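> Quick one: the structure is below, questions incoming.
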Amino acid sequence: MIQFLRSLLFNTQMYLMMALMALVFTPITLVYRPMAFTACRTYCRWVRWTASWMIGLRSELRGKVPTGECLIASKHQSFFDIIMIVSEVPRPKFIMKAQIRFVPIVGWYAKWIGCVPVDRGKRGQAILEMKQRVEAGRATPGQLIIYPQGTRVSIDAKLPYKIGTGVLYNQLGQECVPAATNVGVFWPRFGVLRKPGVAVVEFLPAIAPGQDHRAFMADLETIVEGASLRLMAEAGYHPPD
């Protein structure tokens, strides 16, 4: 019960601080658009810091943080892995659900940092629109982040890897940096409770451009899923057989 109350207090201040920082940063960002990255990074570092002492959830990023232009293909278990990545990656831009565009504050900043909205319900048309929007945004350098499974995945769930990651890998001709995580052990996909521990996002060795689409997707899934299972086991979680 104590941890639940601490989690509730933490969640409340997290969203209040989002609104407060928006009041401070938005007028500047409307004049100087790169300030959006500073605003997002500042907020995400605040969340990581308050999580460490309010709910006992420390966080660390392992591996070499990508700073050049690349595709990052990351396991996605909860909002916190987004927080961790944005806190350190210099110019992140996400492939995101189209509905996020209409979320106050989050949708504004997603647009300003160059995120690419995709309507996942349209399937083939969604892939085409994603390619076109990514191509249109290539003039703005940065690290394009995609979740290969297309959504947040609970720690005990298995979802297939979708072809969109392979499509972008071939289109961009850039290296792909896989990223694994265990954050779902502590910060689940749904619910209020946050558990103490050490949440990790690990950037893994890059996959060079030029691989065959199928070989790339097979390698990516093996690498990310294997590393995520290792990190979850490190956190004390072992999936059911």
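To be explicit about the labels: the chains of the structure tokens are called A, B, and onward in the order shown, and within each one the residues are counted from 1, while ligands get numbers from 1 in the order they are shown.
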If you count only C-alpha atoms, which residues fall within 9 Å of A:Leu71, apart from same-chain ones fewer than 6 positions away, as a ChimeraX atom specification?

/A:143-146,165,168-169,172,174-178

> Out of stretch 2-227 of chain A, which residues get helix (DSSP H, G or I) from DSSP, as an MDAnalysis selection string?

chainID A and resid 2:31 35:54 79:88 98:102 106:112 120:122 124:136 164:172 183:185 213:227

> Can you list every residue of stretch 109-220 of chain A that has an atom at most 9 Å from stretch 94-100 of chain A, with its nearest atom pair and the distance in Å to one decimal, using only C-alpha atoms, ordered by chain then number, as a Markdown table?


| residue | atom | partner | partner_atom | distance |
| --- | --- | --- | --- | --- |
| A:Ala110 | CA | A:Phe94 | CA | 7.9 |
| A:Ile113 | CA | A:Phe94 | CA | 8.9 |
| A:Gly114 | CA | A:Phe94 | CA | 7.6 |
| A:Cys115 | CA | A:Phe94 | CA | 4.7 |
| A:Val116 | CA | A:Ile95 | CA | 4.8 |
| A:Pro117 | CA | A:Ala98 | CA | 4.4 |
| A:Val118 | CA | A:Ala98 | CA | 4.9 |
| A:Asp119 | CA | A:Ala98 | CA | 5.2 |
| A:Arg120 | CA | A:Lys97 | CA | 6.9 |
| A:Met130 | CA | A:Ile95 | CA | 8.0 |
| A:Val134 | CA | A:Ile95 | CA | 8.8 |
| A:Gln143 | CA | A:Phe94 | CA | 8.4 |
| A:Leu144 | CA | A:Phe94 | CA | 5.7 |
| A:Ile145 | CA | A:Phe94 | CA | 4.6 |
| A:Ile146 | CA | A:Ile95 | CA | 5.3 |
| A:Tyr147 | CA | A:Ile95 | CA | 7.6 |
| A:Gly150 | CA | A:Met96 | CA | 8.7 |
| A:Thr151 | CA | A:Lys97 | CA | 8.7 |

> Could you check which of A:Thr222, A:Ser74, A:Thr26, A:Gln211 is closest to A:Ile105, using only C-alpha atoms?

A:Thr26

> Just want the 7 Å neighbourhood of A:Arg58, counted on only C-alpha atoms, with same-chain residues fewer than 3 positions away dropped. Output as a PyMOL selection string.

chain A and resi 51-52+197-199

> Just want the 10 Å neighbourhood of stretch 33-37 of chain A, counted on only C-alpha atoms, with same-chain residues fewer than 5 positions away dropped. Output as a PyMOL selection string.

chain A and resi 22+25-28+42-43+86-87+89-93+108-114

> Kindly save the residues from that selection, with N, CA and C atoms included, as an mmCIF file, in the first residue's frame.


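Written out: again_20.cif:
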data_model
loop_
_atom_site.group_PDB
_atom_site.id
_atom_site.type_symbol
_atom_site.label_atom_id
_atom_site.label_comp_id
_atom_site.auth_asym_id
_atom_site.auth_seq_id
_atom_site.Cartn_x
_atom_site.Cartn_y
_atom_site.Cartn_z
ATOM 1 N N ALA A 22 5.770 22.854 -19.880
ATOM 2 C CA ALA A 22 5.179 23.324 -21.142
ATOM 3 C C ALA A 22 4.929 24.822 -21.092
ATOM 4 N N PHE A 25 8.539 26.337 -21.530
ATOM 5 C CA PHE A 25 9.283 26.102 -22.764
ATOM 6 C C PHE A 25 8.507 26.425 -24.039
ATOM 7 N N THR A 26 7.192 26.299 -24.023
ATOM 8 C CA THR A 26 6.434 26.434 -25.266
ATOM 9 C C THR A 26 6.578 27.813 -25.921
ATOM 10 N N PRO A 27 6.489 28.928 -25.187
ATOM 11 C CA PRO A 27 6.663 30.230 -25.855
ATOM 12 C C PRO A 27 8.024 30.361 -26.551
ATOM 13 N N ILE A 28 9.060 29.809 -25.934
ATOM 14 C CA ILE A 28 10.395 29.864 -26.544
ATOM 15 C C ILE A 28 10.446 28.968 -27.773
ATOM 16 N N THR A 42 14.936 17.826 -20.821
ATOM 17 C CA THR A 42 14.858 18.313 -19.445
ATOM 18 C C THR A 42 13.748 17.600 -18.680
ATOM 19 N N TYR A 43 12.589 17.481 -19.306
ATOM 20 C CA TYR A 43 11.468 16.808 -18.651
ATOM 21 C C TYR A 43 11.791 15.345 -18.359
ATOM 22 N N VAL A 86 14.776 9.380 -24.577
ATOM 23 C CA VAL A 86 14.751 10.809 -24.892
ATOM 24 C C VAL A 86 15.671 11.599 -23.964
ATOM 25 N N SER A 87 15.903 11.092 -22.762
ATOM 26 C CA SER A 87 16.762 11.810 -21.816
ATOM 27 C C SER A 87 18.218 11.874 -22.257
ATOM 28 N N VAL A 89 19.436 10.484 -25.869
ATOM 29 C CA VAL A 89 19.638 10.553 -27.326
ATOM 30 C C VAL A 89 19.455 12.008 -27.760
ATOM 31 N N PRO A 90 20.402 12.584 -28.507
ATOM 32 C CA PRO A 90 20.387 14.037 -28.735
ATOM 33 C C PRO A 90 19.232 14.567 -29.572
ATOM 34 N N ARG A 91 18.853 13.874 -30.645
ATOM 35 C CA ARG A 91 17.777 14.390 -31.505
ATOM 36 C C ARG A 91 16.820 13.250 -31.874
ATOM 37 N N PRO A 92 16.068 12.760 -30.890
ATOM 38 C CA PRO A 92 15.176 11.626 -31.139
ATOM 39 C C PRO A 92 13.915 12.042 -31.886
ATOM 40 N N LYS A 93 13.476 11.188 -32.783
ATOM 41 C CA LYS A 93 12.177 11.371 -33.437
ATOM 42 C C LYS A 93 11.585 9.980 -33.647
ATOM 43 N N TRP A 108 2.055 18.172 -29.301
ATOM 44 C CA TRP A 108 2.747 19.366 -29.799
ATOM 45 C C TRP A 108 4.235 19.105 -29.959
ATOM 46 N N TYR A 109 4.832 18.586 -28.893
ATOM 47 C CA TYR A 109 6.275 18.395 -28.912
ATOM 48 C C TYR A 109 6.690 17.259 -29.839
ATOM 49 N N ALA A 110 5.849 16.254 -29.967
ATOM 50 C CA ALA A 110 6.131 15.188 -30.925
ATOM 51 C C ALA A 110 6.255 15.761 -32.340
ATOM 52 N N LYS A 111 5.356 16.671 -32.676
ATOM 53 C CA LYS A 111 5.412 17.314 -33.990
ATOM 54 C C LYS A 111 6.668 18.165 -34.125
ATOM 55 N N TRP A 112 6.990 18.922 -33.082
ATOM 56 C CA TRP A 112 8.114 19.857 -33.156
ATOM 57 C C TRP A 112 9.466 19.161 -33.242
ATOM 58 N N ILE A 113 9.601 17.963 -32.685
ATOM 59 C CA ILE A 113 10.893 17.264 -32.783
ATOM 60 C C ILE A 113 10.956 16.359 -34.010
ATOM 61 N N GLY A 114 9.873 16.304 -34.786
ATOM 62 C CA GLY A 114 9.921 15.585 -36.055
ATOM 63 C C GLY A 114 9.416 14.162 -36.029
#

> Just checking: using only C-alpha atoms, which residue out of A:Met1, A:Cys70, A:Ile82, A:Leu30 ends up closest to A:Leu193?

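Checking each of A:Met1, A:Cys70, A:Ile82, A:Leu30 against A:Leu193, counting only C-alpha atoms, the winner is A:Met1.
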
> If we count only C-alpha atoms and set the cut-off at 8 Å, which residues sit around A:Ile83, ignoring sequence neighbours fewer than 4 positions away in its own chain? Please answer as a ChimeraX atom specification.

/A:44-45,47-48,79,87

> Could you save those same residues with N, CA, C and O atoms as a short mmCIF file (atom, residue, chain, number, x, y, z; two decimals), in the first residue's frame?


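Output contents, as saved in result-v7.cif:
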data_model
loop_
_atom_site.label_atom_id
_atom_site.label_comp_id
_atom_site.auth_asym_id
_atom_site.auth_seq_id
_atom_site.Cartn_x
_atom_site.Cartn_y
_atom_site.Cartn_z
N CYS A 44 12.37 14.66 -19.33
CA CYS A 44 12.66 13.23 -19.15
C CYS A 44 13.71 13.00 -18.06
O CYS A 44 13.61 12.04 -17.29
N ARG A 45 14.67 13.88 -17.96
CA ARG A 45 15.66 13.75 -16.88
C ARG A 45 15.02 14.03 -15.53
O ARG A 45 15.40 13.41 -14.52
N VAL A 47 11.90 13.28 -14.75
CA VAL A 47 11.14 12.07 -14.42
C VAL A 47 12.08 10.99 -13.90
O VAL A 47 11.78 10.32 -12.90
N ARG A 48 13.21 10.79 -14.55
CA ARG A 48 14.17 9.78 -14.09
C ARG A 48 14.68 10.11 -12.69
O ARG A 48 14.80 9.21 -11.84
N PHE A 79 5.88 3.57 -20.87
CA PHE A 79 6.23 4.96 -21.10
C PHE A 79 7.67 5.27 -20.65
O PHE A 79 8.32 6.14 -21.19
N SER A 87 15.90 11.09 -22.76
CA SER A 87 16.76 11.81 -21.82
C SER A 87 18.22 11.87 -22.26
O SER A 87 18.97 12.73 -21.79
#

> What is the distance between atom CA of A:Gly173 and atom CA of A:Ala208, in Å to one decimal?

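Those two atoms sit 8.9 Å apart.
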
> By how many Å are atom CA of A:Glu221 and atom CA of A:Trp187 apart?

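That distance, rounded to one decimal, is 22.5 Å.
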
> I need the residues in stretch 14-83 of chain A that are strand (DSSP E or B) according to DSSP; give them as number ranges by chain.

A: 57-62, 70-74

> Can you measure atom CA of A:Gln3 to atom CA of A:Ile55 for me? One decimal in Å is fine.

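Spanning atom CA of A:Gln3 to atom CA of A:Ile55 is a straight-line distance of 7.0 Å.
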
> Residues near A:Met217, anyone? I mean within 12 Å using only C-alpha atoms, not counting same-chain ones fewer than 2 positions away, as a PyMOL selection string.

chain A and resi 73+148-149+160-170+176+178+207+211-215+219-225

> So, with only C-alpha atoms as the atoms that count, which of A:Phe4, A:Phe80, A:Phe10, A:Trp46 lies closest to A:Val201?

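Closest residue, counting only C-alpha atoms: A:Phe80.
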
> A:Glu88: which residues within 8 Å, counting only C-alpha atoms, same-chain residues fewer than 4 positions away excluded, as a PDB file with all heavy atoms, in the first residue's frame?


ATOM      1  N   ARG A  41      14.177  16.723 -23.303  1.00  0.00           N
ATOM      2  CA  ARG A  41      15.283  16.124 -22.546  1.00  0.00           C
ATOM      3  C   ARG A  41      15.232  16.547 -21.077  1.00  0.00           C
ATOM      4  O   ARG A  41      15.432  15.724 -20.177  1.00  0.00           O
ATOM      5  CB  ARG A  41      16.619  16.518 -23.178  1.00  0.00           C
ATOM      6  CG  ARG A  41      17.827  15.868 -22.543  1.00  0.00           C
ATOM      7  CD  ARG A  41      19.037  15.959 -23.458  1.00  0.00           C
ATOM      8  NE  ARG A  41      19.270  17.300 -23.952  1.00  0.00           N
ATOM      9  CZ  ARG A  41      19.099  17.683 -25.214  1.00  0.00           C
ATOM     10  NH1 ARG A  41      18.661  16.819 -26.122  1.00  0.00           N
ATOM     11  NH2 ARG A  41      19.338  18.926 -25.587  1.00  0.00           N
ATOM     12  N   VAL A  65      25.443   5.337 -26.553  1.00  0.00           N
ATOM     13  CA  VAL A  65      24.254   6.099 -26.946  1.00  0.00           C
ATOM     14  C   VAL A  65      24.435   6.622 -28.374  1.00  0.00           C
ATOM     15  O   VAL A  65      25.416   7.315 -28.656  1.00  0.00           O
ATOM     16  CB  VAL A  65      24.005   7.272 -25.981  1.00  0.00           C
ATOM     17  CG1 VAL A  65      22.822   8.113 -26.450  1.00  0.00           C
ATOM     18  CG2 VAL A  65      23.768   6.765 -24.567  1.00  0.00           C
ATOM     19  N   MET A  84      13.545   7.287 -20.886  1.00  0.00           N
ATOM     20  CA  MET A  84      14.979   7.025 -20.773  1.00  0.00           C
ATOM     21  C   MET A  84      15.721   7.337 -22.068  1.00  0.00           C
ATOM     22  O   MET A  84      16.789   7.943 -22.065  1.00  0.00           O
ATOM     23  CB  MET A  84      15.215   5.582 -20.339  1.00  0.00           C
ATOM     24  CG  MET A  84      14.738   5.297 -18.914  1.00  0.00           C
ATOM     25  SD  MET A  84      14.875   3.559 -18.444  1.00  0.00           S
ATOM     26  CE  MET A  84      16.658   3.341 -18.492  1.00  0.00           C
TER      27      MET A  84
END
